[in-house]
file protein_6.txt (compact mmCIF, C-alpha atoms)
# COMPACT_ATOMS: atom_id res chain seq x y z
CA MET A 829 -27.37 -15.54 38.12
CA ASP A 830 -26.93 -13.15 35.20
CA TRP A 831 -30.26 -11.37 35.55
CA ARG A 832 -29.44 -8.81 32.86
CA GLN A 833 -28.78 -11.48 30.26
CA LEU A 834 -31.85 -13.44 31.35
CA TRP A 835 -34.00 -10.33 30.91
CA ASP A 836 -32.49 -9.66 27.48
CA ILE A 837 -33.42 -13.19 26.40
CA VAL A 838 -36.94 -13.08 27.86
CA SER A 839 -37.72 -9.62 26.47
CA ALA A 840 -36.35 -10.25 22.98
CA PRO A 841 -39.17 -9.57 20.46
CA ASP A 842 -38.82 -12.97 18.79
CA ASN A 843 -39.02 -14.73 22.19
CA VAL A 844 -42.26 -13.07 23.31
CA PRO A 845 -44.48 -15.92 21.93
CA ILE A 846 -42.77 -18.67 23.94
CA VAL A 847 -42.71 -16.44 27.06
CA ALA A 848 -46.46 -15.87 26.69
CA LEU A 849 -47.08 -19.54 25.88
CA ILE A 850 -45.84 -20.81 29.25
CA PRO A 851 -48.36 -19.03 31.57
CA LEU A 852 -51.17 -19.56 29.05
CA LEU A 853 -50.34 -23.27 28.92
CA ILE A 854 -50.44 -23.52 32.74
CA PHE A 855 -53.76 -21.67 32.90
CA TYR A 856 -55.54 -23.75 30.26
CA ILE A 857 -54.23 -27.02 31.68
CA TYR A 858 -55.70 -26.00 35.05
CA LEU A 859 -58.99 -24.94 33.44
CA ALA A 860 -59.33 -28.21 31.52
CA TRP A 861 -58.41 -30.23 34.64
CA LYS A 862 -61.02 -28.36 36.70
CA GLN A 863 -63.80 -29.09 34.21
CA ALA A 864 -62.67 -32.69 33.76
CA LYS A 865 -62.64 -33.27 37.52
CA ALA A 866 -66.21 -31.97 37.82
CA ASN A 867 -67.34 -34.40 35.11
CA ASP A 868 -65.37 -37.30 36.61
CA ASP A 869 -66.94 -36.70 40.02
CA LEU A 870 -70.39 -36.79 38.44
CA ILE A 871 -69.54 -39.92 36.45
CA GLY A 872 -68.54 -41.63 39.71
CA GLU A 873 -71.88 -40.68 41.27
CA LEU A 874 -73.86 -41.87 38.25
CA GLU A 875 -72.11 -45.26 38.31
CA THR A 876 -73.28 -45.86 41.91
CA SER A 877 -76.77 -44.29 41.70
CA PRO A 878 -79.20 -45.55 39.01
CA ALA A 879 -81.83 -43.07 40.20
CA MET A 880 -79.48 -40.13 39.65
CA ALA A 881 -78.47 -41.48 36.25
CA LYS A 882 -82.10 -41.14 35.08
CA THR A 883 -82.16 -37.39 35.77
CA HIS A 884 -78.47 -36.50 35.28
CA HIS A 885 -78.07 -38.22 31.92
CA ARG A 886 -75.82 -41.20 31.25
CA LYS A 887 -72.10 -41.37 32.03
CA THR A 888 -71.19 -40.93 28.35
CA TRP A 889 -72.51 -37.38 28.59
CA PRO A 890 -72.52 -36.30 32.26
CA PHE A 891 -74.92 -33.48 33.06
CA ARG A 892 -76.08 -31.74 36.22
CA PRO A 893 -79.15 -29.49 36.44
CA GLY A 894 -77.94 -25.95 35.80
CA TRP A 895 -75.10 -26.99 33.52
CA GLN A 896 -75.32 -25.71 29.96
CA LYS A 897 -76.10 -28.76 27.86
CA GLU A 898 -75.80 -27.14 24.43
CA VAL A 899 -74.21 -24.00 22.98
CA HIS A 900 -76.10 -22.60 20.00
CA VAL A 901 -73.95 -21.42 17.12
CA TRP A 902 -76.02 -18.26 16.73
CA PRO A 903 -75.75 -15.98 18.56
CA PHE A 904 -73.71 -17.45 21.42
CA LEU A 905 -70.75 -19.16 19.71
CA LEU A 906 -70.35 -16.62 16.91
CA ARG A 907 -70.53 -13.77 19.40
CA ILE A 908 -67.72 -15.30 21.45
CA GLU A 909 -65.60 -15.94 18.36
CA PHE A 910 -66.19 -12.40 17.09
CA LEU A 911 -65.11 -10.88 20.41
CA ALA A 912 -62.07 -13.17 20.52
CA ALA A 913 -61.06 -12.08 17.01
CA ILE A 914 -61.33 -8.41 17.99
CA ILE A 915 -59.28 -8.92 21.16
CA VAL A 916 -56.56 -10.89 19.35
CA THR A 917 -56.41 -8.28 16.58
CA ALA A 918 -56.02 -5.49 19.15
CA ILE A 919 -53.25 -7.41 20.92
CA LEU A 920 -51.39 -7.98 17.65
CA MET A 921 -51.68 -4.30 16.72
CA VAL A 922 -50.32 -3.15 20.10
CA TRP A 923 -47.60 -5.79 19.89
CA SER A 924 -46.51 -4.73 16.40
CA ILE A 925 -46.45 -1.03 17.38
CA THR A 926 -44.62 -1.34 20.71
CA LEU A 927 -42.08 -4.07 19.81
CA SER A 928 -39.47 -3.60 17.14
CA ALA A 929 -39.41 -6.38 14.56
CA PRO A 930 -36.16 -8.39 14.90
CA LEU A 931 -35.03 -7.51 11.37
CA GLU A 932 -31.31 -7.31 10.78
CA GLU A 933 -28.91 -6.47 7.98
CA PRO A 934 -28.85 -8.59 4.81
CA SER A 935 -27.31 -12.02 5.11
CA ASN A 936 -23.54 -12.00 5.24
CA PRO A 937 -21.82 -15.36 4.64
CA ASN A 938 -18.67 -14.00 6.29
CA LEU A 939 -20.46 -13.19 9.55
CA THR A 940 -22.58 -15.85 11.23
CA MET A 941 -24.64 -15.23 14.35
CA ASN A 942 -23.59 -17.12 17.45
CA PRO A 943 -25.83 -18.81 18.37
CA ALA A 944 -27.68 -19.04 15.06
CA LYS A 945 -31.22 -19.99 16.00
CA ALA A 946 -34.30 -20.81 14.00
CA PRO A 947 -37.65 -19.12 14.77
CA TRP A 948 -39.00 -20.17 18.16
CA TYR A 949 -41.53 -22.63 16.70
CA PHE A 950 -38.71 -24.52 14.93
CA LEU A 951 -36.32 -24.58 17.88
CA GLY A 952 -37.61 -28.00 18.92
CA LEU A 953 -36.50 -29.43 15.58
CA GLN A 954 -33.18 -27.60 15.83
CA GLU A 955 -32.66 -29.05 19.30
CA MET A 956 -33.25 -32.55 17.92
CA LEU A 957 -30.39 -32.02 15.46
CA VAL A 958 -28.04 -32.39 18.45
CA TYR A 959 -29.19 -35.95 19.03
CA PHE A 960 -30.11 -37.27 15.57
CA ASP A 961 -28.96 -37.14 11.96
CA PRO A 962 -30.26 -34.08 10.08
CA TRP A 963 -32.50 -36.14 7.81
CA LEU A 964 -34.07 -37.84 10.83
CA ALA A 965 -34.61 -34.67 12.87
CA GLY A 966 -35.60 -32.54 9.89
CA VAL A 967 -37.53 -34.97 7.67
CA VAL A 968 -38.46 -38.30 9.28
CA PHE A 969 -39.62 -37.10 12.70
CA PRO A 970 -41.73 -34.17 11.41
CA THR A 971 -43.32 -36.59 8.93
CA LEU A 972 -44.07 -39.06 11.72
CA ILE A 973 -45.64 -36.26 13.76
CA ILE A 974 -47.92 -35.23 10.89
CA VAL A 975 -48.86 -38.81 9.99
CA GLY A 976 -49.38 -39.66 13.67
CA LEU A 977 -51.83 -36.78 14.09
CA MET A 978 -53.66 -37.91 10.94
CA VAL A 979 -54.11 -41.51 12.11
CA ILE A 980 -55.40 -40.65 15.60
CA PRO A 981 -59.10 -40.78 14.56
CA TYR A 982 -58.54 -44.20 12.97
CA ILE A 983 -56.75 -45.87 15.90
CA ASP A 984 -58.75 -44.32 18.75
CA ALA A 985 -61.26 -47.03 19.71
CA ASN A 986 -62.48 -45.31 22.88
CA PRO A 987 -66.09 -44.09 22.35
CA LEU A 988 -66.13 -42.12 25.62
CA GLY A 989 -65.07 -38.54 26.23
CA ALA A 990 -66.47 -37.06 23.02
CA GLY A 991 -67.84 -33.56 23.61
CA TYR A 992 -66.90 -33.14 27.26
CA TYR A 993 -63.78 -32.97 29.42
CA THR A 994 -62.81 -36.10 31.33
CA LEU A 995 -59.65 -37.59 32.77
CA LYS A 996 -61.01 -40.90 33.99
CA GLN A 997 -62.29 -42.03 30.58
CA ARG A 998 -59.41 -40.66 28.45
CA LYS A 999 -56.29 -41.41 30.50
CA TRP A 1000 -54.22 -42.78 27.63
CA ALA A 1001 -55.20 -40.10 25.14
CA ILE A 1002 -54.56 -37.24 27.56
CA ALA A 1003 -51.29 -38.68 28.84
CA THR A 1004 -50.03 -39.22 25.29
CA PHE A 1005 -51.01 -35.72 24.20
CA CYS A 1006 -49.46 -34.03 27.24
CA PHE A 1007 -46.25 -36.01 26.79
CA GLY A 1008 -46.00 -35.20 23.10
CA PHE A 1009 -47.02 -31.55 23.38
CA ILE A 1010 -45.43 -30.46 26.66
CA VAL A 1011 -42.33 -32.67 26.80
CA LEU A 1012 -41.49 -33.18 23.12
CA TRP A 1013 -42.42 -29.72 21.87
CA VAL A 1014 -42.79 -27.01 24.54
CA LEU A 1015 -39.86 -28.28 26.62
CA MET A 1016 -37.63 -28.61 23.55
CA VAL A 1017 -38.52 -25.06 22.47
CA PHE A 1018 -37.81 -23.82 26.01
CA ILE A 1019 -34.39 -25.50 26.01
CA GLY A 1020 -33.52 -24.09 22.61
CA THR A 1021 -34.65 -20.59 23.58
CA PHE A 1022 -33.31 -20.14 27.11
CA LEU A 1023 -30.58 -22.73 27.59
CA ARG A 1024 -28.71 -22.92 24.28
CA GLY A 1025 -25.97 -20.28 24.08
CA PRO A 1026 -22.97 -19.57 21.82
CA GLY A 1027 -21.71 -22.63 20.02
CA TRP A 1028 -25.07 -24.26 20.83
CA VAL A 1029 -23.63 -25.09 24.25
CA LEU A 1030 -26.13 -26.04 26.96
CA PHE A 1031 -25.92 -23.38 29.70
CA PRO A 1032 -27.89 -23.54 32.98
CA LEU A 1033 -30.72 -21.01 33.21
CA GLY A 1034 -29.28 -17.61 34.14
CA LYS A 1035 -25.61 -18.49 33.62
CA THR A 1036 -23.64 -16.03 31.50
CA TRP A 1037 -23.34 -17.11 27.88
CA ASP A 1038 -19.58 -17.11 27.43
CA PRO A 1039 -18.69 -17.39 23.71
CA THR A 1040 -15.20 -18.67 24.61
CA TYR A 1041 -16.50 -21.55 26.75
CA GLN A 1042 -16.12 -24.99 25.20
CA PRO A 1043 -17.14 -27.95 27.38
CA TYR A 1044 -15.03 -31.07 27.23
CA ALA A 1045 -17.17 -33.94 26.01
CA VAL A 1046 -16.09 -37.13 24.27
CA ASN A 1047 -18.72 -38.19 21.76
CA ARG A 1048 -18.83 -41.93 21.27
CA ASP A 1049 -21.21 -44.43 19.75
CA LEU A 1050 -22.74 -47.35 21.61
CA PRO A 1051 -20.77 -49.98 19.61
CA ASP A 1052 -17.53 -48.24 20.66
CA LEU A 1053 -18.18 -49.22 24.28
CA PHE A 1054 -17.98 -52.86 23.19
CA HIS A 1055 -14.89 -52.26 21.00
CA ILE A 1056 -16.76 -52.93 17.77
CA THR A 1057 -14.90 -51.15 14.97
CA SER A 1058 -16.12 -52.61 11.67
CA MET A 1059 -19.08 -51.03 9.89
CA ALA A 1060 -20.82 -54.39 9.50
CA GLY A 1061 -20.42 -55.11 13.21
CA LYS A 1062 -21.75 -51.68 14.17
CA SER A 1063 -24.74 -52.09 11.85
CA ILE A 1064 -25.65 -55.52 13.20
CA PHE A 1065 -25.07 -54.52 16.84
CA GLY A 1066 -27.17 -51.35 16.44
CA ALA A 1067 -29.98 -53.25 14.74
CA ILE A 1068 -30.06 -55.73 17.63
CA ALA A 1069 -30.06 -52.89 20.21
CA VAL A 1070 -32.90 -51.03 18.49
CA GLY A 1071 -34.82 -54.28 18.00
CA LEU A 1072 -34.49 -55.17 21.68
CA TYR A 1073 -35.72 -51.69 22.61
CA PHE A 1074 -38.81 -52.06 20.41
CA LEU A 1075 -39.52 -55.51 21.84
CA GLY A 1076 -39.04 -54.41 25.46
CA ALA A 1077 -41.00 -51.17 25.12
CA GLY A 1078 -43.73 -52.95 23.17
CA ALA A 1079 -44.07 -55.65 25.85
CA ALA A 1080 -44.27 -53.02 28.61
CA LEU A 1081 -46.90 -51.00 26.73
CA HIS A 1082 -48.87 -54.16 25.95
CA LYS A 1083 -48.97 -55.02 29.64
CA LEU A 1084 -50.25 -51.55 30.49
CA VAL A 1085 -52.86 -51.54 27.73
CA THR A 1086 -54.28 -54.99 28.44
CA ARG A 1087 -54.60 -54.72 32.21
CA LYS A 1088 -58.09 -54.84 33.68
CA GLY A 1089 -60.34 -51.81 33.43
CA LEU A 1090 -61.13 -49.34 30.69
CA ASN A 1091 -57.81 -49.97 28.90
CA ALA A 1092 -58.65 -53.65 28.36
CA LYS A 1093 -62.06 -52.78 26.91
CA ILE A 1094 -60.47 -50.34 24.47
CA TYR A 1095 -57.90 -52.98 23.48
CA GLU A 1096 -60.66 -55.48 22.71
CA ARG A 1097 -62.28 -52.97 20.32
CA MET A 1098 -59.08 -52.45 18.31
CA SER A 1099 -58.08 -54.39 15.23
CA LEU A 1100 -54.56 -55.78 14.81
CA ILE A 1101 -53.58 -53.00 12.39
CA GLN A 1102 -54.89 -50.32 14.76
CA TYR A 1103 -53.01 -51.82 17.69
CA LEU A 1104 -49.70 -52.24 15.81
CA THR A 1105 -49.95 -48.65 14.52
CA LEU A 1106 -50.58 -47.40 18.05
CA GLN A 1107 -47.60 -49.38 19.37
CA PHE A 1108 -45.28 -48.06 16.66
CA PHE A 1109 -46.08 -44.41 17.29
CA LEU A 1110 -45.96 -44.73 21.09
CA ILE A 1111 -42.60 -46.56 21.04
CA SER A 1112 -41.14 -44.06 18.57
CA MET A 1113 -42.34 -41.13 20.67
CA ILE A 1114 -40.82 -42.51 23.87
CA ALA A 1115 -37.53 -43.14 22.05
CA LEU A 1116 -36.86 -39.40 21.68
CA PRO A 1117 -36.40 -38.53 25.39
CA ILE A 1118 -34.53 -41.81 25.94
CA LYS A 1119 -32.06 -40.90 23.19
CA ILE A 1120 -31.65 -37.40 24.68
CA LEU A 1121 -30.90 -38.80 28.14
CA ILE A 1122 -28.39 -41.27 26.70
CA ARG A 1123 -26.59 -38.41 24.96
CA LEU A 1124 -26.61 -36.06 27.97
CA LEU A 1125 -25.75 -38.63 30.65
CA PHE A 1126 -23.33 -40.94 28.81
CA ASN A 1127 -22.14 -38.85 25.82
CA ILE A 1128 -23.35 -41.57 23.45
CA LYS A 1129 -24.02 -39.96 20.09
CA TYR A 1130 -25.44 -42.84 18.05
CA VAL A 1131 -26.82 -46.28 18.88
CA TRP A 1132 -27.20 -47.69 15.38
CA ILE A 1133 -24.48 -46.95 12.81
CA THR A 1134 -25.01 -47.76 9.13
CA PRO A 1135 -23.54 -46.49 5.84
CA TRP A 1136 -26.88 -44.78 5.06
CA PHE A 1137 -28.19 -43.44 8.37
CA ASN A 1138 -27.32 -43.16 12.06
CA ILE A 1139 -29.71 -43.35 15.01
call {"tool": "encode", "arguments": {"input": "protein_6.txt", "output": "structure tokens"}}
result
Amino acid sequence: MDWRQLWDIVSAPDNVPIVALIPLLIFYIYLAWKQAKANDDLIGELETSPAMAKTHHRKTWPFRPGWQKEVHVWPFLLRIEFLAAIIVTAILMVWSITLSAPLEEPSNPNLTMNPAKAPWYFLGLQEMLVYFDPWLAGVVFPTLIIVGLMVIPYIDANPLGAGYYTLKQRKWAIATFCFGFIVLWVLMVFIGTFLRGPGWVLFPLGKTWDPTYQPYAVNRDLPDLFHITSMAGKSIFGAIAVGLYFLGAGAALHKLVTRKGLNAKIYERMSLIQYLTLQFFLISMIALPIKILIRLLFNIKYVWITPWFNI
């Protein structure tokens, strides 16, 4: 373990946000889980006790005597927000005074940094450039993320869980959010920050970043494994492979969504357009880690080869 190098990476001024993000993320996940568990326990009691449900409110808004039912904007909420703004401002002032801004000399086209990294909040997109075409990783996927966030209110047919924390009533929503936020963003930023060294080589955590190290890896496309050499053959083969993935993943998700319980009730409330939109975004989201694993485990660069784009 190269502890000196690890400390240099962790303590770098431009890496402080991601270093602070990790413990804060763990804390707030625990806090949300704790509050959700308390509500879920009460919901379970209300479902089995009609007498308690009369005094503890209905299961769509669980409430115990002593719990704060409402938070008034004035003075309670504004007071909390005002104090939070003061604390954050003080932290930013101390941060800006004690840490040197990572400003360097003017850009020199004859001298490129190695590794040349984007700001920490863009490192997830830069990491995706290893596995996808630039226009996919830099244009299509960010657009899908933005559009996907915009359509959530229109495809979410679950009326429960509005205004209170719950795990039991929002399993799909919470699982999807945690997968997209933690795995597809925080984890990608972590990899780009702490594991990508000179030459954008993937180094284990704590291993010395040797600028002369070049791993031996043979990049190949999926059609090459089947000795398909023509562009038309690669395009057709890739289209079939991607189509089979969408069909298989869609069938598996459909089975999970339509099984008995709360999921089936939510499915019955959805229109065909809502359901197809949900399927498209879920399948596309799952495709990202699958493509990463295929690249890391089998050195397969692209699955679908065409004259216009590669996936």
call {"tool": "atom_distance", "arguments": {"input": "protein_6.txt", "atom1": "CA of Leu964 in chain A", "atom2": "CA of Val1131 in chain A"}}
result
13.7 Å
call {"tool": "atom_distance", "arguments": {"input": "protein_6.txt", "atom1": "CA of Trp948 in chain A", "atom2": "CA of Ala840 in chain A"}}
result
11.3 Å
call {"tool": "closest_residue", "arguments": {"input": "protein_6.txt", "among": "A:Ala944, A:Leu1116, A:Ile1139, A:Leu951", "to": "Ala1069 in chain A", "atoms": "only C-alpha atoms"}}
result
A:Ile1139
call {"tool": "closest_residue", "arguments": {"input": "protein_6.txt", "among": "A:Gly1025, A:Pro890, A:Pro1039, A:Pro878", "to": "Ala864 in chain A", "atoms": "all atoms listed in the file"}}
result
A:Pro890
call {"tool": "closest_residue", "arguments": {"input": "protein_6.txt", "among": "A:Thr1057, A:Ser1099, A:Thr1086, A:Ser1112", "to": "Tyr982 in chain A", "atoms": "all atoms listed in the file"}}
result
A:Ser1099
call {"tool": "residues_around", "arguments": {"input": "protein_6.txt", "residues": "Ser928 in chain A", "least_positions_apart": "6", "cutoff": "12 Å", "atoms": "only C-alpha atoms", "output": "MDAnalysis selection string"}}
result
chainID A and resid 839:842 844 922
call {"tool": "closest_residue", "arguments": {"input": "protein_6.txt", "among": "A:Ser935, A:Thr926, A:Asn1138, A:Thr1021", "to": "Tyr949 in chain A", "atoms": "all atoms listed in the file"}}
result
A:Thr1021
call {"tool": "residues_around", "arguments": {"input": "protein_6.txt", "residues": "range 1078-1082 of chain A", "least_positions_apart": "5", "cutoff": "9 Å", "atoms": "only C-alpha atoms", "output": "list of chain:residue names"}}
result
A:Tyr1073, A:Arg1087, A:Gln1107, A:Phe1108, A:Leu1110, A:Ile1111
call {"tool": "residues_around", "arguments": {"input": "protein_6.txt", "residues": "Phe1065 in chain A", "least_positions_apart": "3", "cutoff": "8 Å", "atoms": "only C-alpha atoms", "output": "PyMOL selection string"}}
result
chain A and resi 1051+1061-1062+1068-1069+1132
call {"tool": "residues_around", "arguments": {"input": "protein_6.txt", "residues": "Asp984 in chain A", "least_positions_apart": "5", "cutoff": "9 Å", "atoms": "only C-alpha atoms", "output": "short mmCIF file (atom, residue, chain, number, x, y, z; two decimals) with C-alpha atoms, keeping the file's coordinate frame"}}
result
data_model
loop_
_atom_site.label_atom_id
_atom_site.label_comp_id
_atom_site.auth_asym_id
_atom_site.auth_seq_id
_atom_site.Cartn_x
_atom_site.Cartn_y
_atom_site.Cartn_z
CA VAL A 979 -54.11 -41.51 12.11
CA ALA A 1001 -55.20 -40.10 25.14
CA ILE A 1094 -60.47 -50.34 24.47
CA MET A 1098 -59.08 -52.45 18.31
CA GLN A 1102 -54.89 -50.32 14.76
CA LEU A 1106 -50.58 -47.40 18.05
#
call {"tool": "atom_distance", "arguments": {"input": "protein_6.txt", "atom1": "CA of Tyr1041 in chain A", "atom2": "CA of Met956 in chain A"}}
result
21.9 Å
call {"tool": "closest_residue", "arguments": {"input": "protein_6.txt", "among": "A:Lys1035, A:Gly976, A:Phe1054, A:Met1016", "to": "Thr1105 in chain A", "atoms": "all atoms listed in the file"}}
result
A:Gly976
call {"tool": "residues_near_point", "arguments": {"input": "protein_6.txt", "point": "(-56.2, -33.6, 25.7)", "cutoff": "12 Å", "atoms": "only C-alpha atoms", "output": "mmCIF file with C-alpha atoms, in the coordinates of the input"}}
result
data_model
loop_
_atom_site.group_PDB
_atom_site.id
_atom_site.type_symbol
_atom_site.label_atom_id
_atom_site.label_comp_id
_atom_site.auth_asym_id
_atom_site.auth_seq_id
_atom_site.Cartn_x
_atom_site.Cartn_y
_atom_site.Cartn_z
ATOM 1 C CA TYR A 856 -55.540 -23.750 30.260
ATOM 2 C CA ILE A 857 -54.230 -27.020 31.680
ATOM 3 C CA LEU A 859 -58.990 -24.940 33.440
ATOM 4 C CA ALA A 860 -59.330 -28.210 31.520
ATOM 5 C CA TRP A 861 -58.410 -30.230 34.640
ATOM 6 C CA ALA A 864 -62.670 -32.690 33.760
ATOM 7 C CA GLY A 989 -65.070 -38.540 26.230
ATOM 8 C CA ALA A 990 -66.470 -37.060 23.020
ATOM 9 C CA GLY A 991 -67.840 -33.560 23.610
ATOM 10 C CA TYR A 992 -66.900 -33.140 27.260
ATOM 11 C CA TYR A 993 -63.780 -32.970 29.420
ATOM 12 C CA THR A 994 -62.810 -36.100 31.330
ATOM 13 C CA LEU A 995 -59.650 -37.590 32.770
ATOM 14 C CA GLN A 997 -62.290 -42.030 30.580
ATOM 15 C CA ARG A 998 -59.410 -40.660 28.450
ATOM 16 C CA LYS A 999 -56.290 -41.410 30.500
ATOM 17 C CA TRP A 1000 -54.220 -42.780 27.630
ATOM 18 C CA ALA A 1001 -55.200 -40.100 25.140
ATOM 19 C CA ILE A 1002 -54.560 -37.240 27.560
ATOM 20 C CA ALA A 1003 -51.290 -38.680 28.840
ATOM 21 C CA THR A 1004 -50.030 -39.220 25.290
ATOM 22 C CA PHE A 1005 -51.010 -35.720 24.200
ATOM 23 C CA CYS A 1006 -49.460 -34.030 27.240
ATOM 24 C CA PHE A 1007 -46.250 -36.010 26.790
ATOM 25 C CA GLY A 1008 -46.000 -35.200 23.100
ATOM 26 C CA PHE A 1009 -47.020 -31.550 23.380
ATOM 27 C CA ILE A 1010 -45.430 -30.460 26.660
#
call {"tool": "closest_residue", "arguments": {"input": "protein_6.txt", "among": "A:Phe1074, A:Tyr1044, A:Trp963, A:Phe1031", "to": "Ala1115 in chain A", "atoms": "all atoms listed in the file"}}
result
A:Phe1074
call {"tool": "residues_around", "arguments": {"input": "protein_6.txt", "residues": "Lys1119 in chain A", "least_positions_apart": "4", "cutoff": "12 Å", "atoms": "all atoms listed in the file", "output": "VMD selection string"}}
result
chain A and resid 956 to 960 1049 to 1050 1070 1073 1112 to 1115 1123 to 1132 1139
call {"tool": "build_atoms", "arguments": {"input": "protein_6.txt", "residues": "range 958-965 of chain A", "atoms": "all heavy atoms", "output": "short mmCIF file (atom, residue, chain, number, x, y, z; two decimals), in the coordinates of the input"}}
result
data_model
loop_
_atom_site.label_atom_id
_atom_site.label_comp_id
_atom_site.auth_asym_id
_atom_site.auth_seq_id
_atom_site.Cartn_x
_atom_site.Cartn_y
_atom_site.Cartn_z
N VAL A 958 -29.17 -32.05 17.58
CA VAL A 958 -28.04 -32.39 18.45
C VAL A 958 -27.98 -33.89 18.68
O VAL A 958 -26.91 -34.46 18.88
CB VAL A 958 -28.16 -31.64 19.80
CG1 VAL A 958 -27.00 -31.99 20.73
CG2 VAL A 958 -28.23 -30.14 19.57
N TYR A 959 -29.12 -34.55 18.62
CA TYR A 959 -29.19 -35.95 19.03
C TYR A 959 -29.42 -36.91 17.87
O TYR A 959 -29.25 -38.12 18.04
CB TYR A 959 -30.34 -36.12 20.04
CG TYR A 959 -30.32 -35.10 21.13
CD1 TYR A 959 -31.17 -33.99 21.09
CD2 TYR A 959 -29.44 -35.20 22.20
CE1 TYR A 959 -31.15 -33.04 22.10
CE2 TYR A 959 -29.41 -34.25 23.21
CZ TYR A 959 -30.27 -33.16 23.14
OH TYR A 959 -30.24 -32.22 24.14
N PHE A 960 -29.80 -36.39 16.69
CA PHE A 960 -30.11 -37.27 15.57
C PHE A 960 -29.49 -36.72 14.29
O PHE A 960 -29.13 -35.54 14.21
CB PHE A 960 -31.63 -37.42 15.38
CG PHE A 960 -32.33 -38.04 16.55
CD1 PHE A 960 -32.89 -37.24 17.54
CD2 PHE A 960 -32.43 -39.41 16.67
CE1 PHE A 960 -33.55 -37.81 18.63
CE2 PHE A 960 -33.08 -39.98 17.75
CZ PHE A 960 -33.63 -39.18 18.73
N ASP A 961 -29.40 -37.58 13.28
CA ASP A 961 -28.96 -37.14 11.96
C ASP A 961 -29.91 -36.07 11.42
O ASP A 961 -31.11 -36.08 11.73
CB ASP A 961 -28.94 -38.34 11.01
CG ASP A 961 -27.58 -39.02 11.00
OD1 ASP A 961 -26.69 -38.55 11.74
OD2 ASP A 961 -27.41 -40.01 10.28
N PRO A 962 -29.39 -35.15 10.60
CA PRO A 962 -30.26 -34.08 10.08
C PRO A 962 -31.50 -34.60 9.34
O PRO A 962 -32.58 -34.03 9.47
CB PRO A 962 -29.34 -33.31 9.14
CG PRO A 962 -27.96 -33.54 9.69
CD PRO A 962 -27.99 -34.95 10.22
N TRP A 963 -31.35 -35.67 8.57
CA TRP A 963 -32.50 -36.14 7.81
C TRP A 963 -33.55 -36.77 8.72
O TRP A 963 -34.74 -36.75 8.41
CB TRP A 963 -32.07 -37.13 6.72
CG TRP A 963 -31.72 -38.49 7.22
CD1 TRP A 963 -30.55 -38.90 7.76
CD2 TRP A 963 -32.58 -39.64 7.22
NE1 TRP A 963 -30.62 -40.23 8.11
CE2 TRP A 963 -31.86 -40.71 7.79
CE3 TRP A 963 -33.89 -39.86 6.80
CZ2 TRP A 963 -32.39 -41.98 7.94
CZ3 TRP A 963 -34.43 -41.13 6.94
CH2 TRP A 963 -33.69 -42.18 7.51
N LEU A 964 -33.11 -37.31 9.87
CA LEU A 964 -34.07 -37.84 10.83
C LEU A 964 -34.79 -36.71 11.55
O LEU A 964 -36.02 -36.70 11.63
CB LEU A 964 -33.35 -38.73 11.84
CG LEU A 964 -33.00 -40.15 11.41
CD1 LEU A 964 -32.15 -40.82 12.48
CD2 LEU A 964 -34.27 -40.95 11.17
N ALA A 965 -34.01 -35.76 12.09
CA ALA A 965 -34.61 -34.67 12.87
C ALA A 965 -35.39 -33.70 12.00
O ALA A 965 -36.36 -33.09 12.47
CB ALA A 965 -33.51 -33.91 13.63
#
